[in-house]
file run.csv (CSV, C-alpha atoms)
chain,number,residue,atom,x,y,z
A,1065,MET,CA,-150.3,-195.5,-101.4
A,1066,LYS,CA,-148.5,-193.6,-99.9
A,1067,THR,CA,-147.7,-190.3,-98.6
A,1068,THR,CA,-150.6,-189.3,-96.2
A,1069,SER,CA,-149.6,-190.0,-92.6
A,1070,PRO,CA,-152.1,-191.9,-90.4
A,1071,ALA,CA,-151.7,-189.0,-87.9
A,1072,GLN,CA,-153.3,-186.6,-90.3
A,1073,GLY,CA,-156.8,-187.8,-89.6
A,1074,ALA,CA,-158.5,-185.1,-91.6
A,1075,ALA,CA,-156.8,-185.9,-94.8
A,1076,PRO,CA,-158.9,-188.0,-97.2
A,1077,ASP,CA,-157.6,-191.4,-98.2
A,1078,LEU,CA,-157.0,-190.9,-101.9
A,1079,TRP,CA,-156.2,-194.6,-102.4
A,1080,HIS,CA,-159.5,-195.7,-101.0
A,1081,HIS,CA,-160.8,-197.0,-104.3
A,1082,TYR,CA,-157.6,-198.3,-105.8
A,1083,GLY,CA,-157.6,-202.1,-106.3
A,1084,ARG,CA,-160.9,-202.6,-104.6
A,1085,THR,CA,-162.6,-204.3,-107.6
A,1086,ARG,CA,-159.7,-206.8,-108.0
A,1087,THR,CA,-159.7,-207.6,-104.3
A,1088,GLU,CA,-163.3,-208.7,-104.5
A,1089,SER,CA,-162.5,-211.3,-107.2
A,1090,ASP,CA,-158.9,-212.2,-106.8
A,1091,ARG,CA,-157.6,-213.2,-103.4
A,1092,THR,CA,-154.7,-215.3,-104.6
A,1093,VAL,CA,-151.0,-214.9,-103.9
A,1094,PRO,CA,-149.5,-213.9,-107.3
A,1095,SER,CA,-147.3,-216.6,-108.9
A,1096,SER,CA,-145.0,-214.0,-110.5
A,1097,PHE,CA,-143.4,-210.6,-109.7
A,1098,SER,CA,-143.0,-208.0,-112.4
A,1099,TRP,CA,-141.4,-204.5,-112.4
A,1100,VAL,CA,-142.8,-203.1,-115.6
A,1101,TRP,CA,-145.8,-200.8,-115.7
A,1102,ALA,CA,-148.1,-203.2,-117.5
A,1103,GLN,CA,-147.2,-206.0,-115.0
A,1104,ASP,CA,-147.0,-208.4,-118.0
A,1105,GLY,CA,-143.3,-209.1,-118.6
A,1106,GLY,CA,-139.8,-208.0,-118.0
A,1107,PRO,CA,-137.5,-209.0,-115.1
A,1108,GLY,CA,-138.9,-210.4,-111.9
A,1109,ALA,CA,-137.9,-211.0,-108.3
A,1110,GLU,CA,-134.5,-212.1,-109.3
A,1111,VAL,CA,-133.6,-208.4,-109.4
A,1112,LEU,CA,-133.6,-208.5,-105.6
A,1113,GLY,CA,-131.2,-211.4,-105.4
A,1114,ASP,CA,-131.4,-214.3,-102.9
A,1115,LEU,CA,-133.9,-213.1,-100.2
A,1116,ALA,CA,-133.7,-216.2,-98.0
A,1117,GLY,CA,-133.5,-215.2,-94.4
A,1118,LEU,CA,-133.5,-211.4,-95.2
A,1119,VAL,CA,-135.6,-208.6,-93.8
A,1120,VAL,CA,-137.4,-206.8,-96.6
A,1121,ALA,CA,-139.8,-203.9,-97.0
A,1122,ASP,CA,-142.2,-203.0,-99.8
A,1123,LEU,CA,-142.5,-199.2,-99.8
A,1124,GLY,CA,-146.0,-198.2,-100.7
A,1125,ALA,CA,-147.2,-201.8,-100.9
A,1126,GLY,CA,-150.8,-201.2,-101.7
A,1127,ALA,CA,-152.7,-204.5,-101.2
A,1128,ALA,CA,-149.3,-206.2,-100.7
A,1129,ARG,CA,-149.6,-208.5,-103.7
A,1130,HIS,CA,-145.8,-208.2,-104.6
A,1131,ALA,CA,-145.0,-208.7,-100.9
A,1132,ALA,CA,-147.1,-211.8,-100.7
A,1133,HIS,CA,-145.4,-213.3,-103.7
A,1134,LEU,CA,-142.0,-212.8,-102.0
A,1135,ALA,CA,-143.2,-214.1,-98.7
A,1136,VAL,CA,-144.5,-217.3,-100.2
A,1137,HIS,CA,-142.0,-218.0,-103.0
A,1138,HIS,CA,-138.6,-216.5,-101.8
A,1139,ALA,CA,-138.2,-217.4,-98.1
A,1140,PRO,CA,-137.4,-214.0,-96.6
A,1141,ALA,CA,-137.3,-213.8,-92.8
A,1142,ARG,CA,-140.0,-211.1,-93.1
A,1143,VAL,CA,-141.5,-208.7,-95.6
A,1144,ASP,CA,-143.0,-205.5,-94.2
A,1145,ALA,CA,-145.7,-204.2,-96.5
A,1146,VAL,CA,-145.7,-200.5,-95.6
A,1147,ASP,CA,-148.5,-198.2,-96.7
A,1148,ALA,CA,-150.0,-195.0,-95.4
A,1149,SER,CA,-153.5,-195.6,-96.8
A,1150,PRO,CA,-156.0,-197.0,-94.3
A,1151,ALA,CA,-157.9,-198.7,-97.2
A,1152,GLN,CA,-154.8,-200.3,-98.7
A,1153,HIS,CA,-153.5,-201.4,-95.4
A,1154,GLY,CA,-157.0,-202.9,-94.7
A,1155,MET,CA,-157.0,-204.8,-98.0
A,1156,ALA,CA,-153.5,-206.1,-97.4
A,1157,SER,CA,-154.4,-207.3,-93.9
A,1158,ASP,CA,-157.6,-209.0,-95.2
A,1159,LEU,CA,-155.9,-210.6,-98.2
A,1160,TYR,CA,-152.7,-211.8,-96.7
A,1161,GLY,CA,-152.9,-211.6,-92.9
A,1162,HIS,CA,-152.7,-215.4,-92.9
A,1163,LEU,CA,-149.1,-215.2,-94.1
A,1164,ALA,CA,-147.9,-213.7,-90.8
A,1165,PRO,CA,-145.3,-213.6,-89.5
A,1166,ARG,CA,-143.4,-213.8,-92.8
A,1167,LEU,CA,-145.6,-211.0,-94.2
A,1168,ARG,CA,-146.4,-208.0,-92.0
A,1169,PRO,CA,-148.8,-205.2,-93.3
A,1170,VAL,CA,-147.6,-202.0,-91.7
A,1171,HIS,CA,-149.9,-198.9,-91.6
A,1172,ALA,CA,-147.5,-196.0,-91.6
A,1173,ASP,CA,-146.1,-193.1,-93.5
A,1174,VAL,CA,-143.2,-194.6,-95.4
A,1175,VAL,CA,-140.6,-191.9,-94.6
A,1176,GLU,CA,-141.6,-191.9,-90.9
A,1177,HIS,CA,-141.4,-195.7,-90.8
A,1178,LEU,CA,-137.9,-195.7,-92.3
A,1179,ASP,CA,-136.7,-193.0,-90.0
A,1180,THR,CA,-137.7,-194.9,-87.0
A,1181,HIS,CA,-136.0,-198.1,-88.1
A,1182,PRO,CA,-132.4,-197.2,-89.0
A,1183,GLY,CA,-130.3,-200.1,-90.2
A,1184,ARG,CA,-133.3,-202.5,-90.0
A,1185,TYR,CA,-133.6,-203.8,-93.6
A,1186,ASP,CA,-131.5,-205.9,-96.0
A,1187,VAL,CA,-133.7,-205.0,-99.0
A,1188,LEU,CA,-136.1,-202.1,-99.7
A,1189,TYR,CA,-138.1,-202.0,-102.9
A,1190,SER,CA,-141.0,-200.1,-104.5
A,1191,VAL,CA,-143.1,-201.1,-107.5
A,1192,PHE,CA,-144.7,-197.9,-108.7
A,1193,GLY,CA,-145.3,-197.2,-105.0
A,1194,ALA,CA,-143.8,-194.7,-102.6
A,1195,VAL,CA,-141.0,-193.8,-105.0
A,1196,ASP,CA,-143.6,-192.4,-107.4
A,1197,PHE,CA,-145.7,-190.6,-104.8
A,1198,THR,CA,-143.3,-189.3,-102.1
A,1199,ASP,CA,-140.8,-186.5,-102.6
A,1200,PRO,CA,-137.6,-188.3,-103.4
A,1201,ARG,CA,-135.6,-185.7,-101.5
A,1202,ARG,CA,-137.2,-187.1,-98.3
A,1203,LEU,CA,-137.7,-190.7,-99.3
A,1204,LEU,CA,-134.3,-191.7,-100.6
A,1205,PRO,CA,-132.2,-190.5,-97.7
A,1206,ALA,CA,-134.6,-192.2,-95.3
A,1207,ALA,CA,-134.2,-195.4,-97.3
A,1208,ALA,CA,-130.5,-195.2,-97.2
A,1209,ARG,CA,-130.5,-194.8,-93.4
A,1210,ALA,CA,-132.9,-197.8,-93.0
A,1211,LEU,CA,-130.7,-200.2,-94.9
A,1212,ARG,CA,-128.0,-202.2,-93.4
A,1213,PRO,CA,-124.5,-201.9,-94.8
A,1214,GLY,CA,-124.5,-203.5,-98.3
A,1215,GLY,CA,-128.3,-203.5,-98.4
A,1216,LEU,CA,-130.1,-203.1,-101.7
A,1217,PHE,CA,-132.6,-200.5,-102.8
A,1218,ALA,CA,-134.7,-201.3,-105.9
A,1219,ALA,CA,-137.6,-199.5,-107.5
A,1220,SER,CA,-139.6,-199.3,-110.7
A,1221,THR,CA,-141.1,-195.9,-111.7
A,1222,LEU,CA,-142.4,-194.3,-114.8
A,1223,GLY,CA,-139.9,-193.5,-117.5
A,1224,ASP,CA,-142.3,-191.0,-119.1
A,1225,TYR,CA,-145.8,-190.0,-118.5
A,1226,ILE,CA,-148.7,-192.3,-119.5
A,1227,GLY,CA,-149.5,-191.3,-123.0
A,1228,GLY,CA,-145.9,-190.4,-124.0
A,1229,ALA,CA,-145.1,-186.9,-122.5
A,1230,PRO,CA,-141.4,-186.8,-121.5
A,1231,ALA,CA,-140.3,-187.2,-117.9
A,1232,GLU,CA,-139.2,-184.1,-115.9
A,1233,PRO,CA,-135.6,-182.9,-116.2
A,1234,ASP,CA,-135.7,-181.6,-112.6
A,1235,VAL,CA,-137.3,-182.7,-109.3
A,1236,VAL,CA,-140.8,-181.5,-110.1
A,1237,ALA,CA,-144.0,-183.3,-109.3
A,1238,ALA,CA,-147.1,-183.4,-111.5
A,1239,ASP,CA,-150.6,-183.4,-110.1
A,1240,VAL,CA,-152.4,-186.5,-111.2
A,1241,PRO,CA,-156.2,-187.3,-110.8
A,1242,ALA,CA,-157.4,-189.1,-107.7
A,1243,ARG,CA,-160.8,-189.6,-105.9
A,1244,THR,CA,-161.7,-189.1,-102.3
A,1245,PRO,CA,-163.6,-192.0,-100.5
A,1246,ASP,CA,-166.9,-190.3,-101.4
A,1247,GLY,CA,-165.9,-190.1,-105.1
A,1248,SER,CA,-165.1,-186.4,-105.2
A,1249,PRO,CA,-162.4,-185.4,-107.6
A,1250,ALA,CA,-159.0,-184.7,-106.2
A,1251,SER,CA,-155.3,-184.8,-107.1
A,1252,MET,CA,-152.0,-186.0,-105.7
A,1253,PRO,CA,-148.4,-185.4,-106.6
A,1254,ARG,CA,-146.5,-187.9,-108.7
A,1255,TRP,CA,-142.7,-187.7,-109.5
A,1256,VAL,CA,-142.0,-188.8,-113.1
A,1257,LEU,CA,-138.3,-187.9,-113.5
A,1258,GLN,CA,-135.6,-188.5,-116.1
A,1259,GLU,CA,-132.8,-191.0,-115.5
A,1260,HIS,CA,-130.1,-188.5,-114.8
A,1261,VAL,CA,-132.3,-186.9,-112.1
A,1262,TRP,CA,-132.8,-190.2,-110.3
A,1263,GLU,CA,-129.1,-190.9,-110.5
A,1264,LYS,CA,-128.3,-187.6,-108.9
A,1265,LEU,CA,-130.9,-188.0,-106.2
A,1266,LEU,CA,-129.6,-191.6,-105.4
A,1267,ASP,CA,-126.0,-190.3,-105.2
A,1268,GLU,CA,-126.9,-187.4,-103.0
A,1269,ALA,CA,-128.7,-189.8,-100.6
A,1270,GLY,CA,-125.5,-191.7,-100.2
A,1271,PHE,CA,-126.1,-194.8,-102.4
A,1272,THR,CA,-123.4,-196.4,-104.5
A,1273,ALA,CA,-123.4,-199.0,-107.4
A,1274,ILE,CA,-126.3,-197.1,-109.0
A,1275,THR,CA,-127.8,-198.6,-112.1
A,1276,ILE,CA,-130.9,-197.4,-114.0
A,1277,ASP,CA,-132.4,-199.6,-116.8
A,1278,ARG,CA,-135.1,-198.4,-119.2
A,1279,LEU,CA,-137.7,-201.1,-119.9
A,1280,PRO,CA,-140.0,-200.5,-122.8
A,1281,PRO,CA,-143.6,-201.8,-122.7
A,1282,PRO,CA,-144.2,-205.1,-124.4
A,1283,ALA,CA,-146.8,-203.4,-126.7
A,1284,SER,CA,-147.6,-199.9,-127.7
A,1285,GLY,CA,-150.9,-198.1,-126.7
A,1286,ALA,CA,-152.4,-195.0,-125.3
A,1287,ARG,CA,-152.0,-196.1,-121.7
A,1288,THR,CA,-148.4,-197.5,-121.9
A,1289,ALA,CA,-145.2,-196.1,-120.7
A,1290,ASP,CA,-141.5,-197.0,-120.3
A,1291,THR,CA,-140.4,-198.2,-116.9
A,1292,LEU,CA,-137.2,-197.1,-115.1
A,1293,LEU,CA,-135.7,-199.8,-112.9
A,1294,LEU,CA,-133.6,-198.2,-110.3
A,1295,ARG,CA,-131.0,-200.2,-108.3
A,1296,ALA,CA,-128.5,-198.9,-105.7
A,1297,CYS,CA,-126.7,-200.1,-102.6
A,1298,GLN,CA,-125.9,-198.9,-99.2
A,1299,PRO,CA,-122.1,-198.8,-98.9
A,1300,GLN,CA,-120.5,-201.6,-96.9

call {"tool": "encode", "arguments": {"input": "run.csv", "output": "structure tokens"}}
result
Amino acid sequence: MKTTSPAQGAAPDLWHHYGRTRTESDRTVPSSFSWVWAQDGGPGAEVLGDLAGLVVADLGAGAARHAAHLAVHHAPARVDAVDASPAQHGMASDLYGHLAPRLRPVHADVVEHLDTHPGRYDVLYSVFGAVDFTDPRRLLPAAARALRPGGLFAASTLGDYIGGAPAEPDVVAADVPARTPDGSPASMPRWVLQEHVWEKLLDEAGFTAITIDRLPPPASGARTADTLLLRACQPQ
């Protein structure tokens, strides 16, 4: 979702297959918004506060289901659903293009997009999106620059690896499996970091009022994991 720039035409789209089966059978605007890994509980869009009239961006939006929910149910001025994957951008446009101008799918590298829009956004969020798959030492400073004074950054990310291995105590990415459009095996980096690492990164990026909540899964299982809910503000 999220790190390959459209300018890098030779790079395979490792998100080509993600969500495609669901898109064929479910074209609805979701009626709820969830931050937890299983997408089946926990806090919802209230984490973002009152969005009425605000300019919002979903960083690594995938098929833009979360963005569509906000656009329909929370009256923002606009939600930019930003994703570098051509396939994900195409699905978002196909599913929710009719929600324009309140929802705008944006095909762009997330960091590049933020860097070219300083002070543009009131709220930035990521639900297991760009925060997971982009080097946070690049992403978080760019997010801070793109927020207006007092703006909110919120993100959910894995609190530990799927299956239970502990998160990293330093800014280290793990290679996770992926597939190229033709089905060949590949890998991509994913940042699964401990709370104190995220707190330090957010502080170094210039954020204030940093809070990190650990949300356990509703049920245990081999494919479950805790969720970290990160929240921070751009100083006034």

call {"tool": "residues_around", "arguments": {"input": "run.csv", "residues": "region 1260-1272 of chain A", "least_positions_apart": "3", "cutoff": "12 Å", "atoms": "only C-alpha atoms", "output": "PyMOL selection string"}}
result
chain A and resi 1195-1196+1199-1223+1231-1236+1255-1257+1275-1278+1292-1300

call {"tool": "atom_distance", "arguments": {"input": "run.csv", "atom1": "CA of Ala1132 (chain A)", "atom2": "CA of Gln1152 (chain A)"}}
result
14.0 Å

call {"tool": "residues_around", "arguments": {"input": "run.csv", "residues": "region 1102-1117 of chain A", "least_positions_apart": "3", "cutoff": "8 Å", "atoms": "only C-alpha atoms", "output": "list in words"}}
result
Ser1096, Phe1097, Ser1098, Trp1099, Leu1134, His1138, Ala1139, Pro1140, Ala1141, Arg1142, Val1187, Leu1216, Ala1218, Leu1279, Pro1281, Pro1282 and Thr1288 of chain A

call {"tool": "residues_near_point", "arguments": {"input": "run.csv", "point": "(-157.9, -186.8, -106.6)", "cutoff": "10 Å", "atoms": "all atoms listed in the file", "output": "VMD selection string"}}
result
chain A and resid 1076 to 1079 1239 to 1245 1247 to 1253

call {"tool": "closest_residue", "arguments": {"input": "run.csv", "among": "A:Leu1118, A:His1081, A:Thr1092, A:Leu1123", "to": "Gly1154 (chain A)", "atoms": "all atoms listed in the file"}}
result
A:His1081

call {"tool": "closest_residue", "arguments": {"input": "run.csv", "among": "A:Thr1291, A:Gln1258, A:Ser1095, A:Thr1085", "to": "His1130 (chain A)", "atoms": "only C-alpha atoms"}}
result
A:Ser1095

call {"tool": "closest_residue", "arguments": {"input": "run.csv", "among": "A:Pro1094, A:Gly1228, A:Gly1183, A:Gly1083", "to": "Val1119 (chain A)", "atoms": "only C-alpha atoms"}}
result
A:Gly1183

call {"tool": "build_atoms", "arguments": {"input": "run.csv", "residues": "region 1271-1299 of chain A", "atoms": "N, CA and C atoms", "output": "CSV table (one decimal), keeping the file's coordinate frame"}}
result
chain,number,residue,atom,x,y,z
A,1271,PHE,N,-126.2,-193.4,-101.8
A,1271,PHE,CA,-126.1,-194.8,-102.4
A,1271,PHE,C,-124.9,-194.9,-103.3
A,1272,THR,N,-124.5,-196.1,-103.5
A,1272,THR,CA,-123.4,-196.4,-104.5
A,1272,THR,C,-123.9,-197.5,-105.4
A,1273,ALA,N,-123.1,-197.9,-106.4
A,1273,ALA,CA,-123.4,-199.0,-107.4
A,1273,ALA,C,-124.8,-198.7,-108.0
A,1274,ILE,N,-125.0,-197.5,-108.4
A,1274,ILE,CA,-126.3,-197.1,-109.0
A,1274,ILE,C,-126.4,-197.5,-110.4
A,1275,THR,N,-127.5,-198.2,-110.7
A,1275,THR,CA,-127.8,-198.6,-112.1
A,1275,THR,C,-129.3,-198.2,-112.4
A,1276,ILE,N,-129.5,-197.8,-113.6
A,1276,ILE,CA,-130.9,-197.4,-114.0
A,1276,ILE,C,-131.1,-198.1,-115.4
A,1277,ASP,N,-132.1,-198.9,-115.5
A,1277,ASP,CA,-132.4,-199.6,-116.8
A,1277,ASP,C,-133.8,-199.1,-117.3
A,1278,ARG,N,-133.9,-198.8,-118.6
A,1278,ARG,CA,-135.1,-198.4,-119.2
A,1278,ARG,C,-135.8,-199.6,-119.8
A,1279,LEU,N,-137.0,-200.0,-119.4
A,1279,LEU,CA,-137.7,-201.1,-119.9
A,1279,LEU,C,-138.9,-200.7,-120.7
A,1280,PRO,N,-138.9,-200.9,-122.0
A,1280,PRO,CA,-140.0,-200.5,-122.8
A,1280,PRO,C,-141.2,-201.4,-122.6
A,1281,PRO,N,-142.4,-200.9,-122.8
A,1281,PRO,CA,-143.6,-201.8,-122.7
A,1281,PRO,C,-143.6,-202.9,-123.7
A,1282,PRO,N,-144.2,-204.0,-123.4
A,1282,PRO,CA,-144.2,-205.1,-124.4
A,1282,PRO,C,-145.0,-204.8,-125.7
A,1283,ALA,N,-146.0,-203.9,-125.5
A,1283,ALA,CA,-146.8,-203.4,-126.7
A,1283,ALA,C,-147.1,-202.0,-126.6
A,1284,SER,N,-147.3,-201.3,-127.7
A,1284,SER,CA,-147.6,-199.9,-127.7
A,1284,SER,C,-149.1,-199.7,-127.4
A,1285,GLY,N,-149.5,-198.5,-127.0
A,1285,GLY,CA,-150.9,-198.1,-126.7
A,1285,GLY,C,-151.0,-196.8,-126.0
A,1286,ALA,N,-152.2,-196.3,-125.9
A,1286,ALA,CA,-152.4,-195.0,-125.3
A,1286,ALA,C,-152.1,-194.9,-123.8
A,1287,ARG,N,-152.2,-196.1,-123.1
A,1287,ARG,CA,-152.0,-196.1,-121.7
A,1287,ARG,C,-150.7,-196.8,-121.3
A,1288,THR,N,-149.7,-196.9,-122.2
A,1288,THR,CA,-148.4,-197.5,-121.9
A,1288,THR,C,-147.4,-196.5,-121.6
A,1289,ALA,N,-146.3,-197.0,-121.0
A,1289,ALA,CA,-145.2,-196.1,-120.7
A,1289,ALA,C,-143.9,-197.0,-120.5
A,1290,ASP,N,-142.8,-196.4,-120.7
A,1290,ASP,CA,-141.5,-197.0,-120.3
A,1290,ASP,C,-141.4,-197.1,-118.8
A,1291,THR,N,-140.7,-198.1,-118.3
A,1291,THR,CA,-140.4,-198.2,-116.9
A,1291,THR,C,-138.9,-198.0,-116.7
A,1292,LEU,N,-138.6,-197.2,-115.6
A,1292,LEU,CA,-137.2,-197.1,-115.1
A,1292,LEU,C,-137.1,-198.1,-114.0
A,1293,LEU,N,-136.1,-198.9,-114.0
A,1293,LEU,CA,-135.7,-199.8,-112.9
A,1293,LEU,C,-134.5,-199.3,-112.3
A,1294,LEU,N,-134.7,-198.8,-111.1
A,1294,LEU,CA,-133.6,-198.2,-110.3
A,1294,LEU,C,-133.0,-199.2,-109.3
A,1295,ARG,N,-131.7,-199.3,-109.3
A,1295,ARG,CA,-131.0,-200.2,-108.3
A,1295,ARG,C,-129.8,-199.4,-107.7
A,1296,ALA,N,-129.6,-199.6,-106.4
A,1296,ALA,CA,-128.5,-198.9,-105.7
A,1296,ALA,C,-128.3,-199.6,-104.4
A,1297,CYS,N,-127.1,-199.4,-103.9
A,1297,CYS,CA,-126.7,-200.1,-102.6
A,1297,CYS,C,-126.3,-199.1,-101.5
A,1298,GLN,N,-126.5,-199.6,-100.3
A,1298,GLN,CA,-125.9,-198.9,-99.2
A,1298,GLN,C,-124.4,-199.3,-99.1
A,1299,PRO,N,-123.5,-198.4,-98.9
A,1299,PRO,CA,-122.1,-198.8,-98.9
A,1299,PRO,C,-121.8,-199.8,-97.7
